[in-house]
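Q: What follows is a structure written as structure tokens; I'll ask about it next.
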Amino acid sequence: MTTFDIVIRNGMIVTATDKYTADIGINGSKIVDIGFDLKGHETIDATGLLVLPGGIDGHCHIEQEEADGTIHEDDFVSATGSALLGGTTTVVCFASHVPGRGLVEQFDAYREKGGNSRIDFAIHQIITRTDEQTIRDDIPVVAERGAAGLKVFMTYDDFHLTDGQFLQVLEAARKSDIIVSVHCENYDAIRHLILQHLAEGRTEPHGHATSRPPAVEREATYRAMTMSELVDRKIQIFHVSCPDVAEEIARAQSRDVKVVAETCPHYLTLTEDDLKRDGFEGTKYICSPPLRTKAAQDGMWQYLRNGVISIISSDHCGYTFDGTIGKGRHGRDADFSLIPNGMPGLGTRLPVFYDAAINGGKIDLTDFVRLTATTPAQRYGLYPEKGTIAPGSDADLVLWDPNKSVTITNALFQSNIDYTPYEGRQVQGWPVKVFQRGVLAMDNGTVTAQPGTGRFLRSRRG
């Protein structure tokens with residue numbers, strides 16, 4: 001009988017299609033066998049635990065440069081440590097496209113930054129301009145170098161593209177066989193509403209939500225899908241916030257438009273009322289698209305069950321609350337339009353979503369794995385090495401205690417970001433051990449993976 005390096009015994013294995021109790025035999029970095037009574041040089045008893053494929057977070061802003069020269073405060077060491085503490089073993093993050101430097105140069109520089117990662121990572125490439133060099137020469141190069149996708153914005157002063165520019169990107173993406181993900185909000189409508197709010201003296205954090213109502217997201221989503229239909233190129237709608245938008249996507253899918261979608265735990269568990277918290281506290285909850293109503297939150301679940309929305313990501317975008325370089329960079333009396341958009345979520349993504357989805361009776365365990373690991377791996381060209389539990393796959397495994405109750409506090413995640421929007425929230429279900437390619441990377445709240453042990457993952461397309 002074969003003796004494996006490691007055997008994980010008697011856990012309930014959960015994939016996107018099955019749940020069953022068995023042993024997993026690991027040699028080196030790979031799962032080699034799944035069976036019964038396997039022998040290992042090291043044996044880990046997982047009785048009473050779920051064994052899940054390592055989480056894949058397909059939307060993370062880590063150590064990302066902005067057009068104004070600032071860099072996101074969560075670096076690869078900090079952010080990927082938080083990821084492991086929350087059960088995530090792969091991140092897909094963003095290379096910038098700031099003025100003054102070419103696309104390929106920025107992709108390569110960002111990949112080099114990722115050399116400090118504790119976990120494996122892939123890269124989306126942001127596109128903010130459509131000069132001939134970018135469209136004709138550089139997009140094919142970053143696609144060939146393994147970019148997981150391209151990202152475009154339909155809003156933000158420093159990022160948004162016109163419809164004509166978006167069409168250029170879609171044409172280039174079709175030629176290079178690479179998916180385009182889109183931040184869908186109507187730039188001009190938002191600018192109009194912000195100016196209106198400020199003229200009326202509505203400067204508080206909740207103004208962020210009322211100046212970016214569902215209509216501006218719904219309209220831009222429809223427009224993005226129309227552009228993709230014209231070019232016949234698959235797109236992904238990032239961070240869908242409400243049923244109005246999800247229903248628009250469902251209609252497009254019903255007429256065979258090539259569109260898929262993701263959402264985030266905060267749209268399923270937080271509401272725009274959080275923006276009304278006293279004073280500057282509400283800025284912790286400023287993200288785009290904004291948090292919506294409780295009714296909108298409740299209406300989102302049907303679109304996860306029926307597959308219209310097929311990925312749960314964090315949209316981790318960490319800005320510190322205290323100090324002068326994060327949320328408070330323009331002063332603590334700044335109006336809502338000057339507050340950096342984004343919330344941290346890498347470490348909390350899986351526990352918060354698990355508690356809401358599984359303990360809340362919204363979806364099945366197999367759906368949980370599909371949404372948080374398997375579909376992201378497939379969409380970004382990382383499957384079957386990532387996102388599943390099968391012989392030949394990487395031994396990225398999470399031992400999950402479904403009965404462990406934890407009160408979330410930011411101190412749990414040892415992050416560069418000084419707050420979590422879920423402070424004080426109690427959840428049931430928590431990762432107790434995490435393996436990255438067969439090596440113990442997190443053990444009962446202690447990160448054991450060292451900086452630099454992660455590797456860059458080239459996307460395989462076609």
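Chain labels follow the order of the structure tokens: the first chain is A, the next B, and so on; residue numbering restarts at 1 in every chain, and ligands are counted from 1 in their shown order.
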Fewer than 5 positions away in the same chain doesn't count, so skip those; otherwise give me all residues within 12 Å of A:Tyr419, counting only C-alpha atoms, as a VMD selection string.
A: chain A and resid 74 281 283 to 285 317 to 322 326 to 327 343 to 345 347 to 348 408 to 414 424
Q: Find the residues near A:His183: any atom within 10 Å, counting only C-alpha atoms, skip ones fewer than 4 places away on the same chain, and give them as number ranges by chain.
A: A: 151-156, 160, 217, 220-221, 224, 236-240, 288-289
Q: Using only C-alpha atoms, find the one residue out of A:Thr134, A:Thr226, A:Gln378, A:Ser393 that sits nearest to A:Arg251.
A: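 Counting only C-alpha atoms, the residue closest to A:Arg251 is A:Thr226.
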Q: Got a sec: who's within 12 Å of A:Pro140, counting only C-alpha atoms, leaving out chain neighbours fewer than 2 positions off, as number ranges by chain?
A: A: 103-104, 125, 133-138, 142-147, 149-150, 169, 171-178
Q: Got a sec to tell me which of stretch 129-158 of chain A DSSP assigns to strand (DSSP E), as a PyMOL selection string?
A: chain A and resi 149-153
Q: For all heavy atoms, I'd like the residues from the last selection saved as a PDB file, in the first residue's frame.
A:
ATOM      1  N   GLY A 149      -7.512  38.470 -16.890  1.00  0.00           N
ATOM      2  CA  GLY A 149      -8.562  39.234 -17.538  1.00  0.00           C
ATOM      3  C   GLY A 149      -8.172  40.691 -17.633  1.00  0.00           C
ATOM      4  O   GLY A 149      -7.135  41.114 -17.110  1.00  0.00           O
ATOM      5  N   LEU A 150      -8.991  41.462 -18.323  1.00  0.00           N
ATOM      6  CA  LEU A 150      -8.861  42.905 -18.386  1.00  0.00           C
ATOM      7  C   LEU A 150      -9.988  43.515 -17.554  1.00  0.00           C
ATOM      8  O   LEU A 150     -11.056  42.930 -17.421  1.00  0.00           O
ATOM      9  CB  LEU A 150      -8.957  43.409 -19.822  1.00  0.00           C
ATOM     10  CG  LEU A 150      -8.015  42.784 -20.851  1.00  0.00           C
ATOM     11  CD1 LEU A 150      -8.284  43.371 -22.230  1.00  0.00           C
ATOM     12  CD2 LEU A 150      -6.554  42.965 -20.455  1.00  0.00           C
ATOM     13  N   LYS A 151      -9.733  44.699 -17.001  1.00  0.00           N
ATOM     14  CA  LYS A 151     -10.786  45.401 -16.276  1.00  0.00           C
ATOM     15  C   LYS A 151     -10.924  46.812 -16.802  1.00  0.00           C
ATOM     16  O   LYS A 151      -9.923  47.509 -16.990  1.00  0.00           O
ATOM     17  CB  LYS A 151     -10.503  45.449 -14.772  1.00  0.00           C
ATOM     18  CG  LYS A 151     -11.620  46.174 -14.013  1.00  0.00           C
ATOM     19  CD  LYS A 151     -11.387  46.286 -12.535  1.00  0.00           C
ATOM     20  CE  LYS A 151     -12.582  46.979 -11.869  1.00  0.00           C
ATOM     21  NZ  LYS A 151     -12.392  47.142 -10.410  1.00  0.00           N
ATOM     22  N   VAL A 152     -12.168  47.223 -17.009  1.00  0.00           N
ATOM     23  CA  VAL A 152     -12.445  48.603 -17.397  1.00  0.00           C
ATOM     24  C   VAL A 152     -13.466  49.201 -16.433  1.00  0.00           C
ATOM     25  O   VAL A 152     -14.255  48.490 -15.809  1.00  0.00           O
ATOM     26  CB  VAL A 152     -12.955  48.719 -18.843  1.00  0.00           C
ATOM     27  CG1 VAL A 152     -11.939  48.153 -19.813  1.00  0.00           C
ATOM     28  CG2 VAL A 152     -14.300  48.030 -19.012  1.00  0.00           C
ATOM     29  N   PHE A 153     -13.422  50.521 -16.321  1.00  0.00           N
ATOM     30  CA  PHE A 153     -14.324  51.275 -15.460  1.00  0.00           C
ATOM     31  C   PHE A 153     -15.213  52.162 -16.317  1.00  0.00           C
ATOM     32  O   PHE A 153     -14.735  52.783 -17.273  1.00  0.00           O
ATOM     33  CB  PHE A 153     -13.543  52.164 -14.493  1.00  0.00           C
ATOM     34  CG  PHE A 153     -12.735  51.435 -13.465  1.00  0.00           C
ATOM     35  CD1 PHE A 153     -11.479  50.934 -13.774  1.00  0.00           C
ATOM     36  CD2 PHE A 153     -13.221  51.258 -12.176  1.00  0.00           C
ATOM     37  CE1 PHE A 153     -10.717  50.270 -12.825  1.00  0.00           C
ATOM     38  CE2 PHE A 153     -12.461  50.596 -11.216  1.00  0.00           C
ATOM     39  CZ  PHE A 153     -11.216  50.097 -11.542  1.00  0.00           C
TER      40      PHE A 153
END
Q: Can you list every residue in stretch 370-439 of chain A that DSSP puts in helix (DSSP H, G or I), as a list in words?
A: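 Filtering stretch 370-439 of chain A down to helix (DSSP H, G or I) leaves Arg370, Leu371, Thr372, Ala373, Thr374, Thr375, Pro376, Ala377, Gln378, Arg379, Asn410, Ala411, Leu412 and Phe413 of chain A.
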Q: Hey, can you spit out that residue selection with N, CA, C and O atoms as an mmCIF file, in the first residue's frame?
A:
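And here's selection37.cif as it stands now:
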data_model
loop_
_atom_site.group_PDB
_atom_site.id
_atom_site.type_symbol
_atom_site.label_atom_id
_atom_site.label_comp_id
_atom_site.auth_asym_id
_atom_site.auth_seq_id
_atom_site.Cartn_x
_atom_site.Cartn_y
_atom_site.Cartn_z
ATOM 1 N N ARG A 370 -18.931 26.147 -5.140
ATOM 2 C CA ARG A 370 -19.008 26.607 -6.532
ATOM 3 C C ARG A 370 -18.780 28.108 -6.632
ATOM 4 O O ARG A 370 -18.024 28.586 -7.493
ATOM 5 N N LEU A 371 -19.413 28.863 -5.746
ATOM 6 C CA LEU A 371 -19.362 30.317 -5.813
ATOM 7 C C LEU A 371 -18.038 30.901 -5.338
ATOM 8 O O LEU A 371 -17.619 31.959 -5.814
ATOM 9 N N THR A 372 -17.384 30.245 -4.412
ATOM 10 C CA THR A 372 -16.189 30.815 -3.776
ATOM 11 C C THR A 372 -14.872 30.218 -4.246
ATOM 12 O O THR A 372 -13.812 30.755 -3.916
ATOM 13 N N ALA A 373 -14.922 29.109 -4.999
ATOM 14 C CA ALA A 373 -13.671 28.452 -5.399
ATOM 15 C C ALA A 373 -13.715 27.923 -6.828
ATOM 16 O O ALA A 373 -12.872 28.280 -7.655
ATOM 17 N N THR A 374 -14.705 27.080 -7.144
ATOM 18 C CA THR A 374 -14.663 26.365 -8.426
ATOM 19 C C THR A 374 -14.903 27.285 -9.615
ATOM 20 O O THR A 374 -14.124 27.289 -10.576
ATOM 21 N N THR A 375 -15.971 28.066 -9.570
ATOM 22 C CA THR A 375 -16.239 28.951 -10.711
ATOM 23 C C THR A 375 -15.151 29.997 -10.902
ATOM 24 O O THR A 375 -14.740 30.255 -12.044
ATOM 25 N N PRO A 376 -14.630 30.636 -9.838
ATOM 26 C CA PRO A 376 -13.495 31.544 -10.064
ATOM 27 C C PRO A 376 -12.311 30.858 -10.731
ATOM 28 O O PRO A 376 -11.675 31.440 -11.619
ATOM 29 N N ALA A 377 -11.999 29.628 -10.325
ATOM 30 C CA ALA A 377 -10.874 28.909 -10.945
ATOM 31 C C ALA A 377 -11.143 28.674 -12.426
ATOM 32 O O ALA A 377 -10.248 28.840 -13.271
ATOM 33 N N GLN A 378 -12.369 28.303 -12.753
ATOM 34 C CA GLN A 378 -12.707 28.050 -14.159
ATOM 35 C C GLN A 378 -12.690 29.338 -14.968
ATOM 36 O O GLN A 378 -12.148 29.382 -16.079
ATOM 37 N N ARG A 379 -13.252 30.403 -14.413
ATOM 38 C CA ARG A 379 -13.381 31.649 -15.173
ATOM 39 C C ARG A 379 -12.029 32.290 -15.467
ATOM 40 O O ARG A 379 -11.844 32.905 -16.526
ATOM 41 N N ASN A 410 -11.136 42.998 14.072
ATOM 42 C CA ASN A 410 -10.063 43.226 13.106
ATOM 43 C C ASN A 410 -8.746 42.623 13.548
ATOM 44 O O ASN A 410 -7.918 42.235 12.715
ATOM 45 N N ALA A 411 -8.530 42.501 14.855
ATOM 46 C CA ALA A 411 -7.277 41.939 15.365
ATOM 47 C C ALA A 411 -7.055 40.514 14.908
ATOM 48 O O ALA A 411 -5.916 40.039 14.845
ATOM 49 N N LEU A 412 -8.129 39.803 14.554
ATOM 50 C CA LEU A 412 -7.995 38.414 14.099
ATOM 51 C C LEU A 412 -7.165 38.306 12.823
ATOM 52 O O LEU A 412 -6.565 37.270 12.556
ATOM 53 N N PHE A 413 -7.140 39.366 12.005
ATOM 54 C CA PHE A 413 -6.593 39.269 10.656
ATOM 55 C C PHE A 413 -5.215 39.894 10.481
ATOM 56 O O PHE A 413 -4.636 39.817 9.403
#
Q: Please, what distance in Å, to one decimal, runs between atom CA of A:Ile190 and atom CA of A:Leu338?
A: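 Straight-line distance from atom CA of A:Ile190 to atom CA of A:Leu338 works out to 13.6 Å.
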Q: Each residue of stretch 264-340 of chain A with at least one atom at most 12 Å from stretch 87-95 of chain A should appear once, together with its nearest atom pair and the corresponding distance in Å (one decimal); atoms considered: only C-alpha atoms; ordering: chain, then increasing residue number; output as a Markdown table.
A:
| residue | atom | partner | partner_atom | distance |
| --- | --- | --- | --- | --- |
| A:Ser313 | CA | A:Val91 | CA | 9.6 |
| A:Ser314 | CA | A:Val91 | CA | 10.0 |
| A:Asp315 | CA | A:Cys93 | CA | 9.4 |
| A:His316 | CA | A:Cys93 | CA | 9.3 |
| A:Cys317 | CA | A:Cys93 | CA | 10.4 |
Q: What does the file look like for those residues with N, CA, C and O atoms, as an mmCIF file, in the first residue's frame?
A:
data_model
loop_
_atom_site.group_PDB
_atom_site.id
_atom_site.type_symbol
_atom_site.label_atom_id
_atom_site.label_comp_id
_atom_site.auth_asym_id
_atom_site.auth_seq_id
_atom_site.Cartn_x
_atom_site.Cartn_y
_atom_site.Cartn_z
ATOM 1 N N SER A 313 -16.856 37.325 -4.555
ATOM 2 C CA SER A 313 -15.515 37.861 -4.310
ATOM 3 C C SER A 313 -15.600 38.883 -3.182
ATOM 4 O O SER A 313 -16.692 39.246 -2.737
ATOM 5 N N SER A 314 -14.455 39.364 -2.723
ATOM 6 C CA SER A 314 -14.473 40.342 -1.633
ATOM 7 C C SER A 314 -14.491 41.781 -2.121
ATOM 8 O O SER A 314 -14.948 42.668 -1.419
ATOM 9 N N ASP A 315 -13.980 42.065 -3.319
ATOM 10 C CA ASP A 315 -13.646 43.427 -3.728
ATOM 11 C C ASP A 315 -12.860 44.112 -2.610
ATOM 12 O O ASP A 315 -13.111 45.263 -2.252
ATOM 13 N N HIS A 316 -11.892 43.372 -2.056
ATOM 14 C CA HIS A 316 -11.058 43.898 -0.983
ATOM 15 C C HIS A 316 -10.353 45.161 -1.457
ATOM 16 O O HIS A 316 -9.612 45.145 -2.447
ATOM 17 N N CYS A 317 -10.596 46.248 -0.755
ATOM 18 C CA CYS A 317 -10.014 47.539 -1.138
ATOM 19 C C CYS A 317 -9.792 48.321 0.146
ATOM 20 O O CYS A 317 -10.626 49.113 0.564
#
Q: Residues at most 12 Å from A:Gly360, counting only C-alpha atoms, excluding those fewer than 6 positions away in the same chain, as a compact mmCIF listing (two decimals) with N, CA and C atoms, in the first residue's frame?
A:
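Wrote it out as part01.txt, contents follow:
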# COMPACT_ATOMS: atom_id res chain seq x y z
N LEU A 268 -24.75 41.38 0.64
CA LEU A 268 -25.68 40.39 1.17
C LEU A 268 -25.85 40.49 2.67
N THR A 269 -25.03 41.30 3.33
CA THR A 269 -25.04 41.32 4.80
C THR A 269 -25.06 42.71 5.41
N ASP A 298 -32.07 41.20 0.48
CA ASP A 298 -32.85 39.95 0.50
C ASP A 298 -33.13 39.44 -0.90
N TRP A 301 -30.45 36.90 -3.20
CA TRP A 301 -30.15 35.47 -3.04
C TRP A 301 -30.68 34.61 -4.18
N VAL A 352 -18.09 35.21 6.64
CA VAL A 352 -19.32 36.00 6.62
C VAL A 352 -20.30 35.41 5.62
N PHE A 353 -19.81 35.05 4.44
CA PHE A 353 -20.71 34.48 3.44
C PHE A 353 -21.23 33.12 3.87
N TYR A 354 -20.36 32.29 4.47
CA TYR A 354 -20.79 30.98 4.94
C TYR A 354 -21.91 31.12 5.96
N VAL A 427 -20.28 34.98 13.84
CA VAL A 427 -20.54 34.02 12.77
C VAL A 427 -20.27 32.62 13.29
N GLN A 428 -20.91 31.65 12.65
CA GLN A 428 -20.65 30.25 12.97
C GLN A 428 -20.12 29.58 11.71
N GLY A 429 -18.93 28.94 11.85
CA GLY A 429 -18.23 28.35 10.71
C GLY A 429 -16.94 29.10 10.49
Q: Write out as a PyMOL selection string which residues come within 9 Å of A:Ile13 when counting only C-alpha atoms, dropping same-chain ones fewer than 3 positions away.
A: chain A and resi 10+18-24+49-53+389
Q: Compare A:Val141, A:Ala83, A:Val32, A:Leu291 by their minimum atom-to-atom distance to A:Arg118, counting only C-alpha atoms, and give me the closest one.
A: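 Counting only C-alpha atoms, the residue closest to A:Arg118 is A:Ala83.
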Q: Measure the distance from atom CA of A:Asp278 to atom CA of A:Ser82 in Å and round it to one decimal.
A: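 Between these atoms lies a distance of 28.0 Å.
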Q: Do a neighbour search on stretch 193-196 of chain A at 8 Å with only C-alpha atoms, toss out local chain neighbours closer than 3 positions, and write the hits as a list in words.
A: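 Contacts, with the query itself left out: Ala189, Ile190, Ala199, Glu200, Ser211, Arg212 and Ser337 of chain A.
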Q: Nearest to A:Glu65 among A:His41, A:Leu230, A:Ile34, A:Ala109, with distances taken over only C-alpha atoms: which residue is it?
A: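 The answer is A:Ala109, which sits nearest to A:Glu65.
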Q: Which of these, A:Asp120, A:Glu248, A:Asp335, A:Glu229, has the shortest distance to A:Gly81 once you count only C-alpha atoms?
A: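 Closest to A:Gly81 of all the choices is A:Asp120.
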Q: Expressed in Å to a single decimal, how great is the separation between atom CA of A:Thr388 and atom CA of A:Gly307?
A: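 It comes out at 18.4 Å.
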